[in-house]
$ cat entry_29.cif   # mmCIF, C-alpha atoms
data_work
#
loop_
_atom_site.label_atom_id
_atom_site.label_comp_id
_atom_site.auth_asym_id
_atom_site.auth_seq_id
_atom_site.Cartn_x
_atom_site.Cartn_y
_atom_site.Cartn_z
CA SER A 587 -24.70 9.41 -23.52
CA SER A 588 -25.89 12.05 -21.08
CA GLU A 589 -23.45 10.69 -18.49
CA HIS A 590 -20.59 11.84 -20.64
CA ALA A 591 -22.14 15.02 -22.03
CA LYS A 592 -19.66 17.74 -22.88
CA ASP A 593 -18.75 19.73 -19.80
CA MET A 594 -18.19 23.44 -20.37
CA ASP A 595 -15.39 24.32 -17.96
CA SER A 596 -15.93 27.41 -15.82
CA ASN A 597 -12.32 28.52 -16.30
CA GLN A 598 -11.51 30.64 -19.31
CA ASN A 599 -9.78 28.65 -22.02
CA PRO A 600 -6.43 30.32 -22.83
CA PHE A 601 -6.24 28.26 -26.02
CA GLU A 602 -9.67 29.08 -27.43
CA HIS A 603 -8.02 30.79 -30.41
CA ILE A 604 -6.88 27.37 -31.68
CA THR A 605 -9.25 25.41 -33.93
CA LEU A 606 -8.76 21.64 -33.96
CA ILE A 607 -9.52 19.81 -37.21
CA ASP A 608 -10.26 16.08 -36.87
CA THR A 609 -11.38 14.26 -40.03
CA PHE A 610 -11.54 10.73 -38.62
CA THR A 611 -14.93 9.12 -38.04
CA ASN A 612 -14.26 5.87 -36.13
CA LYS A 613 -16.48 5.37 -33.07
CA LEU A 614 -15.04 6.60 -29.78
CA SER A 615 -15.85 5.23 -26.32
CA PRO A 616 -14.84 6.26 -22.78
CA SER A 617 -12.02 4.41 -21.05
CA SER A 618 -11.69 3.08 -17.50
CA LEU A 619 -9.03 3.04 -14.78
CA GLU A 620 -9.00 -0.42 -13.24
CA THR A 621 -6.41 0.39 -10.57
CA SER A 622 -4.44 3.42 -9.41
CA TYR A 623 -1.29 1.70 -10.68
CA GLU A 624 -2.16 2.23 -14.33
CA THR A 625 -0.01 4.56 -16.38
CA LEU A 626 -1.86 7.45 -17.97
CA ILE A 627 -0.60 7.47 -21.57
CA ILE A 628 -0.82 10.98 -23.04
CA PRO A 629 1.10 11.06 -26.34
CA PRO A 630 1.67 14.32 -28.22
CA PHE A 631 -0.17 15.38 -31.36
CA TYR A 632 1.82 18.55 -31.79
CA ILE A 633 4.82 20.36 -30.32
CA GLY A 634 5.72 23.72 -31.82
CA GLU A 635 4.79 27.34 -32.23
CA ASP A 636 1.45 28.74 -31.12
CA THR A 637 -1.02 28.70 -34.01
CA SER A 638 -4.66 29.34 -34.86
CA GLU A 639 -5.36 25.91 -36.42
CA LEU A 640 -4.15 22.36 -35.79
CA PHE A 641 -4.89 19.34 -37.95
CA LEU A 642 -4.99 16.16 -35.85
CA ALA A 643 -2.68 13.84 -37.77
CA TYR A 644 -2.85 10.73 -35.61
CA ASN A 645 -0.28 8.86 -37.70
CA ALA A 646 2.27 11.68 -37.93
CA PRO A 647 5.83 10.91 -36.77
CA ASP A 648 6.92 12.22 -33.39
CA GLU A 649 8.78 15.47 -33.10
CA VAL A 650 11.51 13.97 -30.95
CA ASN A 651 14.99 15.07 -30.05
CA PRO A 652 18.00 13.02 -28.95
CA PHE A 653 18.85 13.29 -25.28
CA GLU A 654 22.24 14.86 -26.08
CA MET A 655 20.50 17.84 -27.71
CA LEU A 656 18.71 18.53 -24.45
CA MET A 657 21.73 18.48 -22.20
CA GLY A 658 23.05 21.96 -22.96
CA ASP A 659 19.61 23.53 -23.24
CA ILE A 660 18.09 22.21 -20.03
CA PHE A 661 20.42 20.32 -17.75
CA SER A 662 23.66 22.33 -17.75
CA SER A 663 22.40 24.56 -14.95
CA HIS A 664 19.93 22.05 -13.53
CA PRO A 665 21.79 18.73 -13.18
CA SER A 666 19.70 17.81 -10.13
CA ILE A 667 17.00 16.25 -12.33
CA LEU A 668 19.39 13.37 -13.03
CA THR A 669 19.43 12.53 -9.33
CA GLY A 670 15.66 12.64 -8.93
CA ASN A 671 14.84 16.28 -8.20
CA PHE A 672 12.43 18.47 -10.12
CA ILE A 673 13.71 21.34 -12.29
CA ASP A 674 13.15 24.62 -10.46
CA ASN A 675 10.89 27.36 -11.73
CA ILE A 676 8.97 25.48 -14.40
CA ASN A 677 6.12 27.68 -15.58
CA LEU A 678 3.54 25.78 -17.61
CA THR A 679 -0.08 26.41 -18.47
CA ILE A 680 -1.92 23.07 -18.70
CA TYR A 681 -5.52 23.16 -19.92
CA VAL A 682 -7.93 20.28 -20.45
CA ASP A 683 -10.63 21.43 -22.85
CA SER A 684 -13.70 19.48 -21.73
CA SER A 685 -15.93 21.39 -24.16
CA GLN A 686 -14.89 19.20 -27.12
CA TYR A 687 -13.93 15.62 -27.89
CA ILE A 688 -11.10 14.18 -29.97
CA GLY A 689 -9.68 10.69 -30.43
CA ASN A 690 -6.57 9.30 -28.80
CA ARG A 691 -3.26 8.91 -30.55
CA THR A 692 -2.08 5.38 -29.89
CA ILE A 693 0.73 3.04 -30.87
CA ILE A 694 -0.57 0.36 -33.22
CA ASN A 695 2.58 -1.80 -33.53
CA GLN A 696 3.95 -4.06 -30.81
CA SER A 697 6.71 -2.61 -28.64
CA PRO A 698 9.69 -4.73 -27.45
CA PRO A 699 9.77 -6.21 -23.94
CA TRP A 700 10.77 -3.64 -21.34
CA GLU A 701 13.99 -5.50 -20.45
CA ASP A 702 15.20 -5.72 -24.07
CA ARG A 703 17.16 -2.46 -24.13
CA ALA A 704 18.90 -3.26 -27.44
CA ALA A 705 15.55 -3.67 -29.20
CA TRP A 706 14.29 -0.39 -27.75
CA ARG A 707 17.21 1.46 -29.34
CA THR A 708 16.05 0.56 -32.84
CA TRP A 709 12.28 0.22 -32.39
CA GLN A 710 10.10 3.00 -33.85
CA PRO A 711 6.44 3.37 -32.88
CA VAL A 712 3.72 3.52 -35.52
CA TYR A 713 0.76 5.66 -34.51
CA GLY A 714 -2.90 5.72 -35.48
CA ARG A 715 -6.23 6.97 -34.15
CA GLY A 716 -7.48 4.82 -31.32
CA ASN A 717 -11.05 4.37 -30.12
CA VAL A 718 -10.80 6.19 -26.77
CA LEU A 719 -13.03 9.23 -26.32
CA SER A 720 -10.69 12.01 -25.20
CA TYR A 721 -10.40 15.68 -24.30
CA PRO A 722 -7.73 17.91 -25.89
CA VAL A 723 -4.89 18.85 -23.53
CA PHE A 724 -2.99 22.05 -24.27
CA ILE A 725 0.35 22.96 -22.66
CA LYS A 726 2.37 26.16 -23.00
CA ASN A 727 5.88 26.85 -21.70
CA HIS A 728 6.22 30.36 -20.25
CA ARG A 729 9.77 29.73 -19.06
CA SER A 730 12.78 31.28 -20.82
CA GLN A 731 14.38 27.82 -21.15
CA ALA A 732 13.10 24.61 -22.69
CA VAL A 733 11.26 22.12 -20.49
CA LEU A 734 11.49 18.34 -20.72
CA LEU A 735 7.87 17.36 -21.28
CA GLY A 736 7.80 13.62 -21.85
CA ILE A 737 9.48 10.42 -22.90
CA GLU A 738 8.80 7.85 -25.62
CA ASN A 739 5.01 7.94 -26.08
CA THR A 740 3.70 10.03 -23.19
CA PHE A 741 3.96 13.29 -21.30
CA PHE A 742 4.79 13.45 -17.59
CA LEU A 743 1.17 13.85 -16.51
CA LEU A 744 -0.90 12.11 -13.83
CA LEU A 745 -4.64 12.11 -13.23
CA GLN A 746 -5.97 13.36 -9.88
CA ALA A 747 -9.51 13.17 -8.50
CA GLN A 748 -11.21 14.82 -5.52
CA ASP A 749 -12.50 12.53 -2.79
CA THR A 750 -15.62 13.13 -0.69
CA LYS A 751 -13.62 15.40 1.66
CA GLY A 752 -12.34 17.58 -1.15
CA GLU A 753 -8.82 16.13 -0.96
CA TRP A 754 -6.98 15.44 -4.21
CA ARG A 755 -5.99 11.82 -4.82
CA THR A 756 -3.62 10.63 -7.53
CA VAL A 757 -5.33 7.85 -9.49
CA SER A 758 -2.67 6.99 -12.08
CA ARG A 759 1.08 6.56 -12.19
CA LEU A 760 3.98 7.83 -14.28
CA ALA A 761 5.59 5.70 -16.96
CA LYS A 762 8.83 3.96 -16.06
CA TYR A 763 11.91 5.60 -17.48
CA CYS A 764 15.62 6.06 -16.90
CA MET A 765 16.94 9.59 -17.39
CA ASP A 766 20.48 8.49 -18.30
CA ASP A 767 19.47 6.01 -21.00
CA ASP A 768 20.04 7.40 -24.51
CA GLY A 769 17.85 4.71 -26.06
CA PHE A 770 14.69 6.71 -25.39
CA ASN A 771 13.15 9.59 -27.30
CA TYR A 772 12.52 12.72 -25.26
CA PHE A 773 9.94 15.44 -25.89
CA TYR A 774 10.72 19.00 -24.92
CA LEU A 775 8.92 22.30 -25.17
CA ARG A 776 10.92 25.43 -25.95
CA SER A 777 10.09 28.83 -24.53
CA GLN A 778 6.61 30.06 -25.57
CA GLN A 779 5.89 26.93 -27.59
CA ILE A 780 2.71 24.89 -27.16
CA ALA A 781 1.97 21.18 -27.09
CA LEU A 782 -1.26 19.32 -27.80
CA ALA A 783 -2.12 15.91 -26.36
CA SER A 784 -5.28 14.07 -25.28
CA CYS A 785 -6.71 12.89 -21.96
CA PRO A 786 -9.15 9.94 -21.94
CA VAL A 787 -12.73 10.46 -20.80
CA PHE A 788 -13.13 7.89 -18.04
CA THR A 789 -16.09 5.86 -16.88
CA GLY A 790 -16.75 5.20 -13.21
CA ASN A 791 -19.37 5.12 -10.46
CA TYR A 792 -18.28 8.37 -8.80
CA LYS A 793 -18.71 11.82 -10.32
CA THR A 794 -16.15 14.34 -9.12
CA LYS A 795 -13.66 17.04 -10.06
CA LEU A 796 -10.57 15.91 -12.00
CA ARG A 797 -7.30 17.56 -12.97
CA LEU A 798 -3.91 16.68 -14.44
CA ALA A 799 -0.65 17.10 -12.53
CA PHE A 800 2.77 17.51 -14.16
CA ALA A 801 5.75 15.86 -12.42
CA TYR A 802 8.88 13.85 -13.17
CA HIS A 803 8.49 11.89 -9.94
CA HIS A 804 5.46 11.03 -7.82
CA SER A 805 7.10 12.56 -4.74
CA GLU A 806 7.23 16.00 -6.39
CA ILE A 807 3.52 16.45 -7.13
CA GLU A 808 2.53 18.38 -4.00
CA LYS A 809 5.79 20.33 -3.86
CA ASN A 810 5.65 21.72 -7.37
CA ARG A 811 1.89 22.23 -7.75
CA LEU A 812 1.82 22.18 -11.55
CA TYR A 813 -1.83 21.41 -12.21
CA SER A 814 -4.27 21.79 -15.04
CA ASN A 815 -7.66 23.41 -14.72
CA GLU A 816 -10.31 21.37 -12.93
CA PHE A 817 -13.00 19.58 -14.93
CA THR A 818 -15.87 17.25 -14.10
CA GLY A 819 -15.54 13.54 -14.74
CA TYR A 820 -15.95 10.00 -13.42
CA VAL A 821 -13.71 7.51 -11.64
CA ASP A 822 -14.44 4.41 -9.57
CA TYR A 823 -15.05 5.28 -5.92
CA ASP A 824 -12.57 2.65 -4.74
CA LEU A 825 -9.68 4.42 -6.47
CA ILE A 826 -9.87 7.46 -4.20
CA HIS A 827 -10.67 5.76 -0.91
#
$ encode --input "entry_29.cif" --output "structure tokens"
Amino acid sequence: SSEHAKDMDSNQNPFEHITLIDTFTNKLSPSSLETSYETLIIPPFYIGEDTSELFLAYNAPDEVNPFEMLMGDIFSSHPSILTGNFIDNINLTIYVDSSQYIGNRTIINQSPPWEDRAAWRTWQPVYGRGNVLSYPVFIKNHRSQAVLLGIENTFFLLLQAQDTKGEWRTVSRLAKYCMDDDGFNYFYLRSQQIALASCPVFTGNYKTKLRLAFAYHHSEIEKNRLYSNEFTGYVDYDLIH
């Protein structure tokens, strides 16, 4: 519909050299945020070297790495993340490409109850192409060290929207996780590598500017100021007031 027409972002796309190939044809529809307590699920399509072409394999297995493999690479000189502080000097480019649509990569098998930690240690997600109309999200790590990017089935990204006064309001929440639990899969991005994910196109009664924010904890959003480009979208007015 015209309400969700493709929005050519005014910022230059630093990932315009990458062509996305999507061969699926199921019907896609916008999503909605019912409350600001919803988790924004942004699972990865790809984590690896920069490239000129990416095939969107929605059912591909995750490129995951055991927590122990990350310890020496990331946390040896930055143990403060385990006590709730953000890693210093993260340098990411995050770009939401609102000029094109893709589907969402979603888990199609039932996950165990959150409290069943034993089941989580053996459970493996099965992915497929969902029905949520989405924008591609590109991330690049410019840091000399690897960066912890996400856990289980989502990146550490929140959605923010501008209110009528131009103030940015966070309208989603981070997924629950425990940094010292080795039962989870962790996603990381090595130096100069890129990641591809998707951000839902949302419905709502209020048109405004949107952006994504990267953080391990809600309290670190304003301090670290790791934001994507701004793009036009919709949310419900009540979520930002």
$ resolve_selection --input "entry_29.cif" --expression "the PyMOL selection byres ((chain A and resi 616) around 8)" --output "list in words"
Leu614, Ser615, Ser617, Ser618, Val718, Leu719, Ser720, Pro786, Val787, Phe788 and Thr789 of chain A
$ resolve_selection --input "entry_29.cif" --expression "the PyMOL selection byres ((chain A and resi 800) around 7)" --output "PyMOL selection string"
chain A and resi 742-744+798-799+801+812-813
$ resolve_selection --input "entry_29.cif" --expression "the PyMOL selection byres ((chain A and resi 824) around 12)" --output "PyMOL selection string"
chain A and resi 619-622+747+749-750+755+757+790-792+820-823+825-827
$ write_last_selection --input "entry_29.cif" --atoms "C-alpha atoms" --output "CSV table (one decimal), in the coordinates of the input"
chain,number,residue,atom,x,y,z
A,619,LEU,CA,-9.0,3.0,-14.8
A,620,GLU,CA,-9.0,-0.4,-13.2
A,621,THR,CA,-6.4,0.4,-10.6
A,622,SER,CA,-4.4,3.4,-9.4
A,747,ALA,CA,-9.5,13.2,-8.5
A,749,ASP,CA,-12.5,12.5,-2.8
A,750,THR,CA,-15.6,13.1,-0.7
A,755,ARG,CA,-6.0,11.8,-4.8
A,757,VAL,CA,-5.3,7.8,-9.5
A,790,GLY,CA,-16.8,5.2,-13.2
A,791,ASN,CA,-19.4,5.1,-10.5
A,792,TYR,CA,-18.3,8.4,-8.8
A,820,TYR,CA,-16.0,10.0,-13.4
A,821,VAL,CA,-13.7,7.5,-11.6
A,822,ASP,CA,-14.4,4.4,-9.6
A,823,TYR,CA,-15.0,5.3,-5.9
A,825,LEU,CA,-9.7,4.4,-6.5
A,826,ILE,CA,-9.9,7.5,-4.2
A,827,HIS,CA,-10.7,5.8,-0.9
$ atom_distance --input "entry_29.cif" --atom1 "atom CA of Arg729 of chain A" --atom2 "atom CA of Phe741 of chain A"
17.6 Å
$ closest_residue --input "entry_29.cif" --among "A:Arg759, A:Tyr721, A:Leu642, A:Phe610" --to "Val682 of chain A" --atoms "only C-alpha atoms"
A:Tyr721
$ closest_residue --input "entry_29.cif" --among "A:Arg707, A:His728, A:Lys613, A:Arg715" --to "Ile680 of chain A" --atoms "all atoms listed in the file"
A:His728
$ closest_residue --input "entry_29.cif" --among "A:Ser684, A:Ser784, A:Asn677, A:Ser697" --to "Phe817 of chain A" --atoms "only C-alpha atoms"
A:Ser684
$ closest_residue --input "entry_29.cif" --among "A:Gln731, A:Gln696, A:Thr708, A:Asn599" --to "Ser814 of chain A" --atoms "only C-alpha atoms"
A:Asn599
$ closest_residue --input "entry_29.cif" --among "A:Asn727, A:Thr818, A:Gln598, A:Ser758" --to "Ser777 of chain A" --atoms "all atoms listed in the file"
A:Asn727
$ closest_residue --input "entry_29.cif" --among "A:Thr605, A:Asn739, A:Thr794, A:Ser638" --to "Ile693 of chain A" --atoms "all atoms listed in the file"
A:Asn739
$ atom_distance --input "entry_29.cif" --atom1 "atom CA of Ser685 of chain A" --atom2 "atom CA of Leu760 of chain A"
26.0 Å
$ axis_aligned_box --input "entry_29.cif" --around "segment 787-796 of chain A" --padding-each-side "3 Å" --output "JSON"
{"center_x": -15.0, "center_y": 11.1, "center_z": -14.8, "size_x": 14.8, "size_y": 17.9, "size_z": 18.0}
$ atom_distance --input "entry_29.cif" --atom1 "atom CA of Asp636 of chain A" --atom2 "atom CA of Arg811 of chain A"
24.3 Å
$ residues_near_point --input "entry_29.cif" --point "(4.2, 22.7, -27.7)" --cutoff "7 Å" --atoms "only C-alpha atoms" --output "PDB file with C-alpha atoms, in the frame of the given file"
ATOM      1  CA  TYR A 632       1.820  18.550 -31.790  1.00  0.00           C
ATOM      2  CA  ILE A 633       4.820  20.360 -30.320  1.00  0.00           C
ATOM      3  CA  GLY A 634       5.720  23.720 -31.820  1.00  0.00           C
ATOM      4  CA  GLU A 635       4.790  27.340 -32.230  1.00  0.00           C
ATOM      5  CA  ILE A 725       0.350  22.960 -22.660  1.00  0.00           C
ATOM      6  CA  LYS A 726       2.370  26.160 -23.000  1.00  0.00           C
ATOM      7  CA  LEU A 775       8.920  22.300 -25.170  1.00  0.00           C
ATOM      8  CA  GLN A 779       5.890  26.930 -27.590  1.00  0.00           C
ATOM      9  CA  ILE A 780       2.710  24.890 -27.160  1.00  0.00           C
ATOM     10  CA  ALA A 781       1.970  21.180 -27.090  1.00  0.00           C
ATOM     11  CA  LEU A 782      -1.260  19.320 -27.800  1.00  0.00           C
TER      12      LEU A 782
END
$ residues_near_point --input "entry_29.cif" --point "(-11.2, 20.2, -35.9)" --cutoff "8 Å" --atoms "only C-alpha atoms" --output "PDB file with C-alpha atoms, in the frame of the given file"
ATOM      1  CA  THR A 605      -9.250  25.410 -33.930  1.00  0.00           C
ATOM      2  CA  LEU A 606      -8.760  21.640 -33.960  1.00  0.00           C
ATOM      3  CA  ILE A 607      -9.520  19.810 -37.210  1.00  0.00           C
ATOM      4  CA  ASP A 608     -10.260  16.080 -36.870  1.00  0.00           C
ATOM      5  CA  THR A 609     -11.380  14.260 -40.030  1.00  0.00           C
ATOM      6  CA  LEU A 640      -4.150  22.360 -35.790  1.00  0.00           C
ATOM      7  CA  PHE A 641      -4.890  19.340 -37.950  1.00  0.00           C
ATOM      8  CA  LEU A 642      -4.990  16.160 -35.850  1.00  0.00           C
TER       9      LEU A 642
END
$ residues_around --input "entry_29.cif" --residues "Tyr681 of chain A" --least-positions-apart "2" --cutoff "7 Å" --atoms "all atoms listed in the file" --output "list of chain:residue names"
A:Thr679, A:Asp683, A:Val723, A:Phe724, A:Ile725, A:Ser814, A:Asn815
